[in-house]
Each structure stands twice: as C-alpha cells, then as structure tokens.
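Structure data follow from coords.txt (compact mmCIF, N, CA and C atoms):
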# COMPACT_ATOMS: atom_id res chain seq x y z
N MET W 1 -72.18 -16.98 12.82
CA MET W 1 -73.55 -16.68 13.21
C MET W 1 -74.47 -17.49 12.30
N SER W 2 -75.41 -18.18 12.90
CA SER W 2 -76.29 -19.03 12.12
C SER W 2 -77.41 -18.21 11.48
N ILE W 3 -78.09 -18.82 10.58
CA ILE W 3 -79.19 -18.17 9.87
C ILE W 3 -80.30 -17.79 10.85
N ILE W 4 -80.57 -18.67 11.79
CA ILE W 4 -81.62 -18.40 12.77
C ILE W 4 -81.27 -17.16 13.59
N GLU W 5 -80.01 -17.06 13.99
CA GLU W 5 -79.57 -15.89 14.76
C GLU W 5 -79.72 -14.62 13.94
N LEU W 6 -79.37 -14.70 12.67
CA LEU W 6 -79.50 -13.52 11.81
C LEU W 6 -80.95 -13.10 11.64
N ILE W 7 -81.83 -14.07 11.47
CA ILE W 7 -83.26 -13.78 11.33
C ILE W 7 -83.79 -13.14 12.61
N GLU W 8 -83.44 -13.72 13.76
CA GLU W 8 -83.89 -13.18 15.04
C GLU W 8 -83.34 -11.77 15.26
N LYS W 9 -82.11 -11.57 14.88
CA LYS W 9 -81.49 -10.25 15.04
C LYS W 9 -82.22 -9.22 14.17
N GLY W 10 -82.57 -9.59 12.96
CA GLY W 10 -83.32 -8.69 12.07
C GLY W 10 -84.69 -8.36 12.61
N LYS W 11 -85.38 -9.38 13.12
CA LYS W 11 -86.71 -9.17 13.70
C LYS W 11 -86.64 -8.24 14.90
N LYS W 12 -85.65 -8.49 15.73
CA LYS W 12 -85.47 -7.68 16.94
C LYS W 12 -85.19 -6.23 16.56
N ALA W 13 -84.36 -6.02 15.58
CA ALA W 13 -84.03 -4.65 15.16
C ALA W 13 -85.27 -3.94 14.62
N ARG W 14 -86.09 -4.64 13.84
CA ARG W 14 -87.31 -4.03 13.31
C ARG W 14 -88.29 -3.69 14.42
N ARG W 15 -88.44 -4.59 15.39
CA ARG W 15 -89.35 -4.32 16.51
C ARG W 15 -88.86 -3.13 17.33
N GLN W 16 -87.57 -3.08 17.57
CA GLN W 16 -86.99 -2.00 18.35
C GLN W 16 -87.17 -0.66 17.63
N LYS W 17 -86.97 -0.66 16.34
CA LYS W 17 -87.14 0.56 15.56
C LYS W 17 -88.60 1.02 15.58
N ALA W 18 -89.51 0.08 15.49
CA ALA W 18 -90.95 0.41 15.53
C ALA W 18 -91.33 0.98 16.89
N ARG W 19 -90.78 0.42 17.97
CA ARG W 19 -91.08 0.95 19.30
C ARG W 19 -90.56 2.37 19.46
N LYS W 20 -89.34 2.61 18.99
CA LYS W 20 -88.77 3.96 19.09
C LYS W 20 -89.62 4.95 18.32
N GLN W 21 -90.04 4.57 17.13
CA GLN W 21 -90.87 5.47 16.31
C GLN W 21 -92.20 5.74 16.99
N ALA W 22 -92.78 4.73 17.61
CA ALA W 22 -94.06 4.92 18.29
C ALA W 22 -93.91 5.90 19.45
N VAL W 23 -92.82 5.80 20.18
CA VAL W 23 -92.59 6.71 21.30
C VAL W 23 -92.36 8.13 20.79
N LYS W 24 -91.59 8.25 19.71
CA LYS W 24 -91.36 9.58 19.12
C LYS W 24 -92.68 10.19 18.65
N ASP W 25 -93.49 9.39 18.00
CA ASP W 25 -94.79 9.88 17.53
C ASP W 25 -95.66 10.33 18.69
N ALA W 26 -95.63 9.59 19.77
CA ALA W 26 -96.41 9.97 20.95
C ALA W 26 -95.91 11.29 21.53
N ALA W 27 -94.60 11.48 21.55
CA ALA W 27 -94.03 12.72 22.08
C ALA W 27 -94.43 13.91 21.22
N VAL W 28 -94.35 13.74 19.92
CA VAL W 28 -94.74 14.83 19.01
C VAL W 28 -96.22 15.12 19.16
N GLY W 29 -97.03 14.10 19.24
CA GLY W 29 -98.48 14.29 19.42
C GLY W 29 -98.79 15.01 20.72
N ALA W 30 -98.08 14.65 21.78
CA ALA W 30 -98.31 15.31 23.08
C ALA W 30 -97.92 16.78 23.01
N ALA W 31 -96.80 17.08 22.37
CA ALA W 31 -96.36 18.48 22.24
C ALA W 31 -97.36 19.29 21.41
N ILE W 32 -97.81 18.71 20.32
CA ILE W 32 -98.79 19.41 19.47
C ILE W 32 -100.10 19.62 20.23
N GLY W 33 -100.55 18.60 20.91
CA GLY W 33 -101.79 18.70 21.69
C GLY W 33 -101.68 19.74 22.78
N LEU W 34 -100.54 19.78 23.43
CA LEU W 34 -100.31 20.78 24.48
C LEU W 34 -100.38 22.18 23.91
N THR W 35 -99.74 22.38 22.77
CA THR W 35 -99.73 23.70 22.13
C THR W 35 -101.13 24.10 21.67
N VAL W 36 -101.80 23.22 20.98
CA VAL W 36 -103.15 23.52 20.48
C VAL W 36 -104.10 23.79 21.64
N GLY W 37 -104.02 22.99 22.69
CA GLY W 37 -104.88 23.19 23.84
C GLY W 37 -104.64 24.54 24.52
N ALA W 38 -103.38 24.90 24.65
CA ALA W 38 -103.06 26.19 25.28
C ALA W 38 -103.57 27.35 24.45
N VAL W 39 -103.33 27.29 23.14
CA VAL W 39 -103.79 28.37 22.26
C VAL W 39 -105.31 28.44 22.24
N ALA W 40 -105.97 27.30 22.13
CA ALA W 40 -107.43 27.30 22.10
C ALA W 40 -108.01 27.85 23.40
N GLY W 41 -107.44 27.46 24.50
CA GLY W 41 -107.91 27.95 25.79
C GLY W 41 -107.77 29.45 25.92
N VAL W 42 -106.66 29.98 25.44
CA VAL W 42 -106.43 31.42 25.52
C VAL W 42 -107.36 32.17 24.58
N LEU W 43 -107.50 31.67 23.37
CA LEU W 43 -108.31 32.38 22.38
C LEU W 43 -109.81 32.30 22.66
N LEU W 44 -110.25 31.25 23.28
CA LEU W 44 -111.67 31.09 23.52
C LEU W 44 -112.13 31.67 24.86
N ALA W 45 -111.19 32.13 25.65
CA ALA W 45 -111.55 32.71 26.95
C ALA W 45 -112.19 34.08 26.73
N PRO W 46 -113.25 34.40 27.49
CA PRO W 46 -113.93 35.68 27.33
C PRO W 46 -113.18 36.80 28.06
N LYS W 47 -112.13 37.31 27.42
CA LYS W 47 -111.33 38.37 28.02
C LYS W 47 -111.12 39.48 27.01
N SER W 48 -110.61 40.60 27.50
CA SER W 48 -110.30 41.70 26.60
C SER W 48 -109.07 41.36 25.78
N GLY W 49 -108.86 42.14 24.74
CA GLY W 49 -107.72 41.91 23.86
C GLY W 49 -106.40 41.98 24.59
N LYS W 50 -106.27 42.96 25.48
CA LYS W 50 -105.02 43.13 26.23
C LYS W 50 -104.77 41.91 27.12
N GLU W 51 -105.80 41.46 27.82
CA GLU W 51 -105.66 40.29 28.69
C GLU W 51 -105.32 39.04 27.87
N THR W 52 -105.95 38.93 26.72
CA THR W 52 -105.68 37.77 25.86
C THR W 52 -104.24 37.79 25.38
N ARG W 53 -103.75 38.95 24.98
CA ARG W 53 -102.36 39.06 24.53
C ARG W 53 -101.40 38.71 25.66
N GLU W 54 -101.72 39.16 26.87
CA GLU W 54 -100.88 38.83 28.02
C GLU W 54 -100.89 37.32 28.28
N ASP W 55 -102.07 36.73 28.18
CA ASP W 55 -102.18 35.29 28.37
C ASP W 55 -101.38 34.53 27.32
N ILE W 56 -101.44 35.01 26.08
CA ILE W 56 -100.67 34.36 25.00
C ILE W 56 -99.19 34.48 25.29
N ALA W 57 -98.75 35.66 25.72
CA ALA W 57 -97.34 35.86 26.04
C ALA W 57 -96.91 34.95 27.19
N ASN W 58 -97.75 34.86 28.22
CA ASN W 58 -97.43 33.97 29.35
C ASN W 58 -97.40 32.52 28.93
N ALA W 59 -98.37 32.13 28.11
CA ALA W 59 -98.40 30.74 27.63
C ALA W 59 -97.16 30.44 26.79
N ALA W 60 -96.73 31.41 25.98
CA ALA W 60 -95.54 31.22 25.15
C ALA W 60 -94.30 31.07 26.04
N LYS W 61 -94.26 31.78 27.14
CA LYS W 61 -93.12 31.67 28.06
C LYS W 61 -93.12 30.33 28.78
N GLU W 62 -94.31 29.82 29.09
CA GLU W 62 -94.42 28.56 29.82
C GLU W 62 -94.24 27.34 28.91
N LEU W 63 -94.48 27.53 27.62
CA LEU W 63 -94.44 26.39 26.69
C LEU W 63 -93.12 25.64 26.70
N PRO W 64 -91.95 26.31 26.65
CA PRO W 64 -90.70 25.53 26.68
C PRO W 64 -90.57 24.66 27.92
N ASP W 65 -91.00 25.19 29.07
CA ASP W 65 -90.91 24.39 30.30
C ASP W 65 -91.83 23.18 30.22
N LYS W 66 -93.05 23.40 29.74
CA LYS W 66 -94.00 22.28 29.62
C LYS W 66 -93.49 21.26 28.61
N ALA W 67 -92.89 21.76 27.52
CA ALA W 67 -92.34 20.84 26.52
C ALA W 67 -91.19 20.03 27.10
N LYS W 68 -90.35 20.68 27.92
CA LYS W 68 -89.25 19.96 28.56
C LYS W 68 -89.78 18.88 29.49
N GLU W 69 -90.83 19.21 30.24
CA GLU W 69 -91.43 18.22 31.13
C GLU W 69 -91.98 17.04 30.34
N ALA W 70 -92.68 17.35 29.24
CA ALA W 70 -93.24 16.29 28.41
C ALA W 70 -92.13 15.43 27.81
N MET W 71 -91.07 16.06 27.36
CA MET W 71 -89.96 15.31 26.77
C MET W 71 -89.25 14.48 27.85
N GLY W 72 -89.19 15.00 29.06
CA GLY W 72 -88.60 14.22 30.15
C GLY W 72 -89.40 12.96 30.40
N ALA W 73 -90.72 13.10 30.40
CA ALA W 73 -91.58 11.93 30.59
C ALA W 73 -91.41 10.94 29.45
N VAL W 74 -91.31 11.46 28.24
CA VAL W 74 -91.12 10.59 27.08
C VAL W 74 -89.76 9.90 27.17
N LYS W 75 -88.73 10.63 27.59
CA LYS W 75 -87.40 10.04 27.72
C LYS W 75 -87.43 8.90 28.73
N GLU W 76 -88.12 9.11 29.85
CA GLU W 76 -88.23 8.06 30.85
C GLU W 76 -88.90 6.82 30.25
N LYS W 77 -89.96 7.05 29.49
CA LYS W 77 -90.68 5.93 28.86
C LYS W 77 -89.78 5.21 27.86
N VAL W 78 -89.03 5.99 27.08
CA VAL W 78 -88.10 5.38 26.11
C VAL W 78 -87.06 4.55 26.85
N ASP W 79 -86.54 5.09 27.95
CA ASP W 79 -85.55 4.34 28.73
C ASP W 79 -86.15 3.03 29.25
N GLU W 80 -87.39 3.08 29.72
CA GLU W 80 -88.05 1.87 30.20
C GLU W 80 -88.21 0.85 29.08
N VAL W 81 -88.65 1.33 27.92
CA VAL W 81 -88.84 0.43 26.78
C VAL W 81 -87.50 -0.16 26.34
N MET W 82 -86.48 0.68 26.31
CA MET W 82 -85.16 0.19 25.90
C MET W 82 -84.64 -0.87 26.89
N GLU W 83 -84.84 -0.63 28.17
CA GLU W 83 -84.40 -1.60 29.17
C GLU W 83 -85.14 -2.92 29.01
N ALA W 84 -86.44 -2.82 28.79
CA ALA W 84 -87.23 -4.04 28.58
C ALA W 84 -86.76 -4.77 27.32
N ALA W 85 -86.45 -4.00 26.27
CA ALA W 85 -85.97 -4.61 25.03
C ALA W 85 -84.63 -5.29 25.25
N LYS W 86 -83.75 -4.64 26.01
CA LYS W 86 -82.44 -5.25 26.29
C LYS W 86 -82.60 -6.55 27.06
N GLU W 87 -83.51 -6.55 28.04
CA GLU W 87 -83.75 -7.77 28.81
C GLU W 87 -84.29 -8.88 27.91
N LYS W 88 -85.19 -8.51 27.01
CA LYS W 88 -85.76 -9.50 26.09
C LYS W 88 -84.68 -10.04 25.16
N VAL W 89 -83.81 -9.16 24.69
CA VAL W 89 -82.71 -9.58 23.81
C VAL W 89 -81.82 -10.59 24.53
N GLU W 90 -81.50 -10.28 25.78
CA GLU W 90 -80.66 -11.20 26.54
C GLU W 90 -81.35 -12.55 26.74
N GLU W 91 -82.65 -12.50 26.97
CA GLU W 91 -83.43 -13.73 27.13
C GLU W 91 -83.39 -14.56 25.85
N VAL W 92 -83.64 -13.90 24.73
CA VAL W 92 -83.63 -14.61 23.44
C VAL W 92 -82.23 -15.12 23.13
N LYS W 93 -81.26 -14.30 23.43
CA LYS W 93 -79.87 -14.69 23.19
C LYS W 93 -79.53 -15.96 23.97
N GLY W 94 -79.98 -16.03 25.22
CA GLY W 94 -79.74 -17.22 26.03
C GLY W 94 -80.41 -18.45 25.44
N LYS W 95 -81.65 -18.26 24.97
CA LYS W 95 -82.38 -19.38 24.36
C LYS W 95 -81.68 -19.86 23.10
N VAL W 96 -81.19 -18.91 22.31
CA VAL W 96 -80.48 -19.27 21.08
C VAL W 96 -79.21 -20.04 21.42
N GLN W 97 -78.49 -19.57 22.43
CA GLN W 97 -77.26 -20.25 22.83
C GLN W 97 -77.56 -21.67 23.33
N GLU W 98 -78.70 -21.85 23.98
CA GLU W 98 -79.09 -23.18 24.45
C GLU W 98 -79.38 -24.10 23.27
N LYS W 99 -80.00 -23.57 22.24
CA LYS W 99 -80.40 -24.38 21.08
C LYS W 99 -79.26 -24.56 20.07
N LYS W 100 -78.25 -23.74 20.16
CA LYS W 100 -77.17 -23.75 19.16
C LYS W 100 -76.53 -25.12 18.99
N PRO W 101 -76.15 -25.81 20.05
CA PRO W 101 -75.52 -27.14 19.84
C PRO W 101 -76.45 -28.12 19.13
N GLN W 102 -77.71 -28.11 19.53
CA GLN W 102 -78.69 -29.01 18.91
C GLN W 102 -78.84 -28.69 17.43
N LEU W 103 -78.99 -27.43 17.10
CA LEU W 103 -79.17 -27.04 15.71
C LEU W 103 -77.93 -27.32 14.88
N THR W 104 -76.78 -27.09 15.49
CA THR W 104 -75.52 -27.35 14.79
C THR W 104 -75.38 -28.84 14.48
N SER W 105 -75.69 -29.68 15.46
CA SER W 105 -75.57 -31.13 15.24
C SER W 105 -76.59 -31.60 14.20
N GLU W 106 -77.81 -31.03 14.24
CA GLU W 106 -78.81 -31.39 13.25
C GLU W 106 -78.36 -30.99 11.84
N ALA W 107 -77.75 -29.82 11.74
CA ALA W 107 -77.27 -29.35 10.44
C ALA W 107 -76.14 -30.24 9.94
N GLU W 108 -75.27 -30.64 10.82
CA GLU W 108 -74.17 -31.54 10.44
C GLU W 108 -74.69 -32.88 9.98
N GLU W 109 -75.72 -33.39 10.66
CA GLU W 109 -76.30 -34.67 10.28
C GLU W 109 -76.93 -34.59 8.89
N LYS W 110 -77.56 -33.46 8.59
CA LYS W 110 -78.20 -33.31 7.27
C LYS W 110 -77.18 -33.15 6.17
N LYS W 111 -76.00 -32.63 6.48
CA LYS W 111 -74.94 -32.50 5.50
C LYS W 111 -74.44 -33.86 5.06
N GLU W 112 -74.42 -34.78 5.99
CA GLU W 112 -73.88 -36.11 5.72
C GLU W 112 -74.85 -36.92 4.95
Translate the structure described by the file into structure tokens.
Amino acid sequence: MSIIELIEKGKKARRQKARKQAVKDAAVGAAIGLTVGAVAGVLLAPKSGKETREDIANAAKELPDKAKEAMGAVKEKVDEVMEAAKEKVEEVKGKVQEKKPQLTSEAEEKKE
C-alpha cells in the first residue's frame, strides 16, 4: 500500500467518523427536543391537575413509540450516508488504482 493510499484511507476514515457523529448528535438532539416539547406542551396547557397528570402519563406512554420513529428516520439517514460514503470510497479507490502505475514508475525513476 502506497503512502498516498494510506493518507487517503486515513482522511476517509476521519470524514466517515465525523459524519456518523453528526448523525448521532442530530438523533440525540431530536429526541431531547421531542421530550422537552411534549413536557412543555403538557405543563403549559390550561388544564386541571388531574387532566395534566393524565396527559403526562399519555405522553410518557407515547414517547417510546415516537422515539422509535425518530430513530428509524435517523437510521435511514445513516444508511443513506453510509451508502454514499461507500460509493465515494469506490470512486476514490478506482482513481487511485488508475494512478498507481504512474506513481509507481515515477517513484522508481526517482530512486535511480
């Protein structure tokens, strides 16, 4: 494996890791926003204490389903990003393979 390939591989790994982290951060932010919004909506509604408690209980029951839906959407987005990254990797890999003979011959010439 040439130095150029190693450098490209390292760059690709860092970009891929950054993309994954960004998607994870977005998922966590969405879940937190969903929770805060639900609680704020329930607490700020002009209802009696009993109705508010019922609403909180209902919201708590619905939260796992909403979180699953949000995570499903995030998973789909992660899959899309991963597929795009794989395609890009294959593209770069092809370009590197095309340049490999030229770079190898240039390196051999410089050795001499």
task: Check the smallest atom-to-atom distance from each of W:Ile4, W:Met71, W:Leu63, W:Ala45 to Ala27 in chain W using only N, CA and C atoms, then report the winner.
output: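 Using only N, CA and C atoms, the shortest distance to Ala27 in chain W belongs to W:Met71.
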query: Excluding same-chain residues fewer than 4 positions from Val92 in chain W, what lies within 10 Å of it counting only C-alpha atoms, as a list in words?
result: Glu5, Glu8, Lys9, Lys12, Lys86, Glu87, Lys88, Val96, Gln97 and Glu98 of chain W
message: Between atom C of Lys111 in chain W and CA of Ser2 in chain W, what is the distance in Å, rounded to a tenth?
response: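 CA of Ser2 in chain W lies 16.5 Å from atom C of Lys111 in chain W.
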- request: Considering all atoms listed in the file, return as a ChimeraX atom specification whatever protein or nucleic-acid residues lie within 8 Å of Gln16 in chain W, sequence-local ones (same chain, fewer than 6 positions apart) excluded.
  value: /W:10,22,85
- request: Give the answer as one residue: which of W:Glu54, W:Ile7, W:Ala70, W:Arg15 has the shortest atom-to-atom distance to Ala31 in chain W, using only N, CA and C atoms?
  value: W:Ala70
statement: atom C of Asp55 in chain W to CA of Val42 in chain W measures 6.2 Å
message: Can you pull out the residues contacting Lys24 in chain W? Cut-off 10 Å, using only C-alpha atoms, and skip same-chain residues under 6 positions away; I want them as number ranges by chain.
response: W: 18, 30, 71, 74-75, 78
Keeping N, CA and C atoms, export the residues of the selection given above as a JSON list (two decimals), in the coordinates of the input.
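Wrote out12.json, looks like this:
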[["chain", "number", "residue", "atom", "x", "y", "z"],
["W", 18, "ALA", "N", -89.51, 0.08, 15.49],
["W", 18, "ALA", "CA", -90.95, 0.41, 15.53],
["W", 18, "ALA", "C", -91.33, 0.98, 16.89],
["W", 30, "ALA", "N", -98.08, 14.65, 21.78],
["W", 30, "ALA", "CA", -98.31, 15.31, 23.08],
["W", 30, "ALA", "C", -97.92, 16.78, 23.01],
["W", 71, "MET", "N", -91.07, 16.06, 27.36],
["W", 71, "MET", "CA", -89.96, 15.31, 26.77],
["W", 71, "MET", "C", -89.25, 14.48, 27.85],
["W", 74, "VAL", "N", -91.31, 11.46, 28.24],
["W", 74, "VAL", "CA", -91.12, 10.59, 27.08],
["W", 74, "VAL", "C", -89.76, 9.90, 27.17],
["W", 75, "LYS", "N", -88.73, 10.63, 27.59],
["W", 75, "LYS", "CA", -87.40, 10.04, 27.72],
["W", 75, "LYS", "C", -87.43, 8.90, 28.73],
["W", 78, "VAL", "N", -89.03, 5.99, 27.08],
["W", 78, "VAL", "CA", -88.10, 5.38, 26.11],
["W", 78, "VAL", "C", -87.06, 4.55, 26.85]]
- prompt: Which value, in Å to one decimal, gives the distance between CA of Leu44 in chain W and CA of Asp65 in chain W?
  reply: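 These atoms are spaced 22.8 Å apart.
The shortest atom-to-atom distance to Val81 in chain W, with all atoms listed in the file taken into account, belongs to W:Arg19 out of W:Ala26, W:Glu108, W:Arg19, W:Lys68.
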